[in-house]
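Worksheet: the structure to be examined is printed underneath.
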Amino acid sequence: KQPETLQTLKELLPMRVYQIKFNSVEEVKKFVNIVGKYGYEIELERDGHKVDAKSIMGVLSLGFERPLNLIASTENAISLQKEIQGYLL
C-alpha cells in the first residue's frame, strides 16, 4: 500500500481518461509499443483492477471481453489520443 501522502498527490495530478477496446493480441502488441514511447504514467483499468499500460502481460491480463479505461497522468495527451485513435470507443 502506498503512503497516504503519495496517494493523495497522485489523485491531484492532472489526467486524461479514455475508453478503449482491443480485438486481438496483435492490437495489444501495437498499443503497448505506442504507449511505451510516452514518459508519463499510463494505466488501464477494468472493474477496479489497474495495470501498467506499457506492460503487455498486464494488458493481456485484463482480457478482451469488455472496454477498458485508459488513464494517462498528463494534462496534454493530444499526441497519445491521435496515436491510439483506432482503439478509442
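Chain lettering (A, B, ...) mirrors the order of the C-alpha cells, residue numbering begins at 1 for each chain separately, and ligand numbering begins at 1 in order of display.
Near Phe22 in chain A, within a cut-off of 9 Å and counting only C-alpha atoms, sit the residues A:Ile20, A:Ser24, A:Val25, A:Glu26, A:Glu27, A:Val28, A:Phe31, A:Gly63, A:Phe64, A:Glu65, A:Arg66, A:Pro67, A:Leu68, A:Tyr87, with same-chain residues fewer than 2 positions away left out.
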For all heavy atoms, I'd like the residues from the last selection saved as a short mmCIF file (atom, residue, chain, number, x, y, z; two decimals), in the first residue's frame.
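Output saved as part.cif:
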data_model
loop_
_atom_site.label_atom_id
_atom_site.label_comp_id
_atom_site.auth_asym_id
_atom_site.auth_seq_id
_atom_site.Cartn_x
_atom_site.Cartn_y
_atom_site.Cartn_z
N ILE A 20 -11.23 2.38 -24.20
CA ILE A 20 -10.64 1.70 -25.35
C ILE A 20 -11.06 0.23 -25.35
O ILE A 20 -11.55 -0.29 -24.34
CB ILE A 20 -9.10 1.80 -25.35
CG1 ILE A 20 -8.50 1.07 -24.15
CG2 ILE A 20 -8.65 3.25 -25.37
CD1 ILE A 20 -6.99 0.94 -24.23
N SER A 24 -7.71 -8.16 -30.54
CA SER A 24 -6.74 -9.23 -30.79
C SER A 24 -5.46 -8.98 -30.00
O SER A 24 -5.20 -7.86 -29.56
CB SER A 24 -6.40 -9.31 -32.28
OG SER A 24 -5.67 -8.16 -32.67
N VAL A 25 -4.68 -10.03 -29.87
CA VAL A 25 -3.37 -9.91 -29.22
C VAL A 25 -2.48 -8.98 -30.04
O VAL A 25 -1.70 -8.19 -29.50
CB VAL A 25 -2.71 -11.30 -29.05
CG1 VAL A 25 -1.29 -11.18 -28.54
CG2 VAL A 25 -3.54 -12.16 -28.11
N GLU A 26 -2.60 -9.03 -31.35
CA GLU A 26 -1.81 -8.17 -32.22
C GLU A 26 -2.09 -6.69 -31.93
O GLU A 26 -1.17 -5.87 -31.91
CB GLU A 26 -2.09 -8.49 -33.70
CG GLU A 26 -1.08 -7.92 -34.66
CD GLU A 26 0.35 -8.42 -34.40
OE1 GLU A 26 0.55 -9.60 -34.08
OE2 GLU A 26 1.27 -7.59 -34.52
N GLU A 27 -3.35 -6.35 -31.70
CA GLU A 27 -3.70 -4.97 -31.36
C GLU A 27 -3.06 -4.57 -30.04
O GLU A 27 -2.59 -3.44 -29.89
CB GLU A 27 -5.22 -4.79 -31.27
CG GLU A 27 -5.91 -4.73 -32.60
CD GLU A 27 -7.38 -4.37 -32.49
OE1 GLU A 27 -7.89 -4.17 -31.35
OE2 GLU A 27 -8.03 -4.28 -33.53
N VAL A 28 -3.04 -5.48 -29.07
CA VAL A 28 -2.42 -5.19 -27.77
C VAL A 28 -0.93 -4.91 -27.96
O VAL A 28 -0.40 -3.96 -27.39
CB VAL A 28 -2.64 -6.34 -26.77
CG1 VAL A 28 -1.83 -6.12 -25.50
CG2 VAL A 28 -4.12 -6.50 -26.45
N PHE A 31 -0.49 -1.49 -29.42
CA PHE A 31 -0.85 -0.49 -28.42
C PHE A 31 0.28 -0.31 -27.40
O PHE A 31 0.66 0.81 -27.09
CB PHE A 31 -2.14 -0.91 -27.72
CG PHE A 31 -2.51 -0.05 -26.55
CD1 PHE A 31 -3.18 1.15 -26.74
CD2 PHE A 31 -2.17 -0.42 -25.26
CE1 PHE A 31 -3.50 1.96 -25.66
CE2 PHE A 31 -2.49 0.37 -24.18
CZ PHE A 31 -3.16 1.56 -24.39
N GLY A 63 -7.93 -8.93 -20.41
CA GLY A 63 -8.82 -9.59 -21.37
C GLY A 63 -9.37 -8.66 -22.44
O GLY A 63 -9.10 -7.46 -22.45
N PHE A 64 -10.17 -9.27 -23.32
CA PHE A 64 -10.72 -8.54 -24.47
C PHE A 64 -12.24 -8.40 -24.42
O PHE A 64 -12.84 -7.79 -25.29
CB PHE A 64 -10.41 -9.28 -25.79
CG PHE A 64 -8.96 -9.46 -26.06
CD1 PHE A 64 -8.37 -10.71 -25.97
CD2 PHE A 64 -8.18 -8.39 -26.42
CE1 PHE A 64 -7.03 -10.88 -26.23
CE2 PHE A 64 -6.84 -8.55 -26.69
CZ PHE A 64 -6.27 -9.80 -26.59
N GLU A 65 -12.87 -8.99 -23.43
CA GLU A 65 -14.34 -9.08 -23.42
C GLU A 65 -15.06 -7.74 -23.38
O GLU A 65 -16.09 -7.57 -24.01
CB GLU A 65 -14.83 -9.90 -22.22
CG GLU A 65 -14.18 -11.23 -22.01
CD GLU A 65 -12.87 -11.13 -21.24
OE1 GLU A 65 -12.79 -10.38 -20.24
OE2 GLU A 65 -11.92 -11.79 -21.66
N ARG A 66 -14.50 -6.80 -22.62
CA ARG A 66 -15.19 -5.52 -22.40
C ARG A 66 -14.24 -4.35 -22.56
O ARG A 66 -13.02 -4.53 -22.49
CB ARG A 66 -15.79 -5.50 -21.00
CG ARG A 66 -16.91 -6.53 -20.83
CD ARG A 66 -17.54 -6.44 -19.47
NE ARG A 66 -16.57 -6.89 -18.47
CZ ARG A 66 -16.64 -6.61 -17.19
NH1 ARG A 66 -17.60 -5.86 -16.73
NH2 ARG A 66 -15.74 -7.05 -16.34
N PRO A 67 -14.80 -3.15 -22.72
CA PRO A 67 -13.96 -1.95 -22.81
C PRO A 67 -13.14 -1.74 -21.54
O PRO A 67 -13.52 -2.18 -20.45
CB PRO A 67 -14.97 -0.82 -22.99
CG PRO A 67 -16.19 -1.47 -23.54
CD PRO A 67 -16.22 -2.84 -22.92
N LEU A 68 -12.03 -1.04 -21.71
CA LEU A 68 -11.12 -0.71 -20.62
C LEU A 68 -11.04 0.81 -20.49
O LEU A 68 -11.22 1.53 -21.48
CB LEU A 68 -9.72 -1.25 -20.90
CG LEU A 68 -9.60 -2.73 -21.22
CD1 LEU A 68 -8.19 -3.04 -21.72
CD2 LEU A 68 -9.93 -3.56 -20.00
N TYR A 87 -8.27 2.51 -31.24
CA TYR A 87 -8.71 1.72 -30.08
C TYR A 87 -9.80 2.42 -29.27
O TYR A 87 -10.42 1.81 -28.41
CB TYR A 87 -7.54 1.41 -29.14
CG TYR A 87 -6.35 0.83 -29.85
CD1 TYR A 87 -5.20 1.58 -30.08
CD2 TYR A 87 -6.37 -0.49 -30.33
CE1 TYR A 87 -4.11 1.04 -30.74
CE2 TYR A 87 -5.29 -1.03 -30.99
CZ TYR A 87 -4.17 -0.25 -31.19
OH TYR A 87 -3.09 -0.79 -31.86
#
How close does each residue of range 11-57 of chain A get to range 71-80 of chain A, giving the shortest atom pair and distance in Å to one decimal for every residue with an atom at most 8 Å away, counting only C-alpha atoms, sorted by chain and residue number, as a tab-separated table?
residue	atom	partner	partner_atom	distance
A:Leu13	CA	A:Ser73	CA	6.8
A:Pro14	CA	A:Glu75	CA	5.2
A:Met15	CA	A:Ser73	CA	4.3
A:Arg16	CA	A:Ala72	CA	5.1
A:Val17	CA	A:Ile71	CA	4.6
A:Tyr18	CA	A:Ile71	CA	6.7
A:Val35	CA	A:Leu80	CA	7.4
A:Tyr38	CA	A:Leu80	CA	7.9
A:Tyr40	CA	A:Ser73	CA	6.1
A:Glu41	CA	A:Ser73	CA	5.4
A:Ile42	CA	A:Ala72	CA	4.5
A:Glu43	CA	A:Ile71	CA	5.1
A:Leu44	CA	A:Ile71	CA	6.2
A:Glu45	CA	A:Ile71	CA	7.6
Can you write just those residues out, N, CA, C and O atoms, as a PDB file, in the first residue's frame?
ATOM      1  N   LEU A  13      -2.957  14.930  -9.362  1.00  0.00           N
ATOM      2  CA  LEU A  13      -2.268  15.133 -10.634  1.00  0.00           C
ATOM      3  C   LEU A  13      -3.269  15.190 -11.786  1.00  0.00           C
ATOM      4  O   LEU A  13      -4.287  14.506 -11.768  1.00  0.00           O
ATOM      5  N   PRO A  14      -2.969  16.000 -12.794  1.00  0.00           N
ATOM      6  CA  PRO A  14      -3.855  16.054 -13.959  1.00  0.00           C
ATOM      7  C   PRO A  14      -3.850  14.718 -14.689  1.00  0.00           C
ATOM      8  O   PRO A  14      -2.836  14.022 -14.723  1.00  0.00           O
ATOM      9  N   MET A  15      -4.998  14.354 -15.250  1.00  0.00           N
ATOM     10  CA  MET A  15      -5.061  13.107 -16.001  1.00  0.00           C
ATOM     11  C   MET A  15      -6.124  13.182 -17.080  1.00  0.00           C
ATOM     12  O   MET A  15      -7.012  14.008 -17.030  1.00  0.00           O
ATOM     13  N   ARG A  16      -5.983  12.317 -18.032  1.00  0.00           N
ATOM     14  CA  ARG A  16      -6.951  12.162 -19.108  1.00  0.00           C
ATOM     15  C   ARG A  16      -7.429  10.716 -19.076  1.00  0.00           C
ATOM     16  O   ARG A  16      -6.636   9.793 -18.884  1.00  0.00           O
ATOM     17  N   VAL A  17      -8.734  10.512 -19.270  1.00  0.00           N
ATOM     18  CA  VAL A  17      -9.312   9.170 -19.241  1.00  0.00           C
ATOM     19  C   VAL A  17     -10.039   8.920 -20.554  1.00  0.00           C
ATOM     20  O   VAL A  17     -10.783   9.770 -21.037  1.00  0.00           O
ATOM     21  N   TYR A  18      -9.789   7.757 -21.137  1.00  0.00           N
ATOM     22  CA  TYR A  18     -10.417   7.352 -22.398  1.00  0.00           C
ATOM     23  C   TYR A  18     -10.927   5.923 -22.254  1.00  0.00           C
ATOM     24  O   TYR A  18     -10.377   5.144 -21.487  1.00  0.00           O
ATOM     25  N   VAL A  35       2.196   3.243 -26.455  1.00  0.00           N
ATOM     26  CA  VAL A  35       2.204   3.925 -25.152  1.00  0.00           C
ATOM     27  C   VAL A  35       3.576   3.887 -24.495  1.00  0.00           C
ATOM     28  O   VAL A  35       3.886   4.749 -23.670  1.00  0.00           O
ATOM     29  N   TYR A  38       5.770   7.142 -24.379  1.00  0.00           N
ATOM     30  CA  TYR A  38       5.406   8.317 -23.595  1.00  0.00           C
ATOM     31  C   TYR A  38       6.020   8.252 -22.201  1.00  0.00           C
ATOM     32  O   TYR A  38       6.017   7.210 -21.557  1.00  0.00           O
ATOM     33  N   TYR A  40       5.081   9.709 -19.400  1.00  0.00           N
ATOM     34  CA  TYR A  40       4.192   9.785 -18.241  1.00  0.00           C
ATOM     35  C   TYR A  40       3.506   8.442 -18.007  1.00  0.00           C
ATOM     36  O   TYR A  40       3.504   7.559 -18.855  1.00  0.00           O
ATOM     37  N   GLU A  41       2.940   8.308 -16.821  1.00  0.00           N
ATOM     38  CA  GLU A  41       2.282   7.059 -16.445  1.00  0.00           C
ATOM     39  C   GLU A  41       0.986   6.878 -17.227  1.00  0.00           C
ATOM     40  O   GLU A  41       0.188   7.805 -17.352  1.00  0.00           O
ATOM     41  N   ILE A  42       0.796   5.679 -17.761  1.00  0.00           N
ATOM     42  CA  ILE A  42      -0.425   5.327 -18.468  1.00  0.00           C
ATOM     43  C   ILE A  42      -0.879   3.982 -17.912  1.00  0.00           C
ATOM     44  O   ILE A  42      -0.117   3.018 -17.916  1.00  0.00           O
ATOM     45  N   GLU A  43      -2.107   3.941 -17.424  1.00  0.00           N
ATOM     46  CA  GLU A  43      -2.640   2.710 -16.852  1.00  0.00           C
ATOM     47  C   GLU A  43      -3.918   2.316 -17.579  1.00  0.00           C
ATOM     48  O   GLU A  43      -4.594   3.159 -18.167  1.00  0.00           O
ATOM     49  N   LEU A  44      -4.233   1.033 -17.505  1.00  0.00           N
ATOM     50  CA  LEU A  44      -5.519   0.532 -17.963  1.00  0.00           C
ATOM     51  C   LEU A  44      -6.244  -0.011 -16.748  1.00  0.00           C
ATOM     52  O   LEU A  44      -5.629  -0.614 -15.863  1.00  0.00           O
ATOM     53  N   GLU A  45      -7.567   0.189 -16.724  1.00  0.00           N
ATOM     54  CA  GLU A  45      -8.362  -0.222 -15.575  1.00  0.00           C
ATOM     55  C   GLU A  45      -9.658  -0.866 -16.034  1.00  0.00           C
ATOM     56  O   GLU A  45     -10.279  -0.420 -16.991  1.00  0.00           O
TER      57      GLU A  45
END
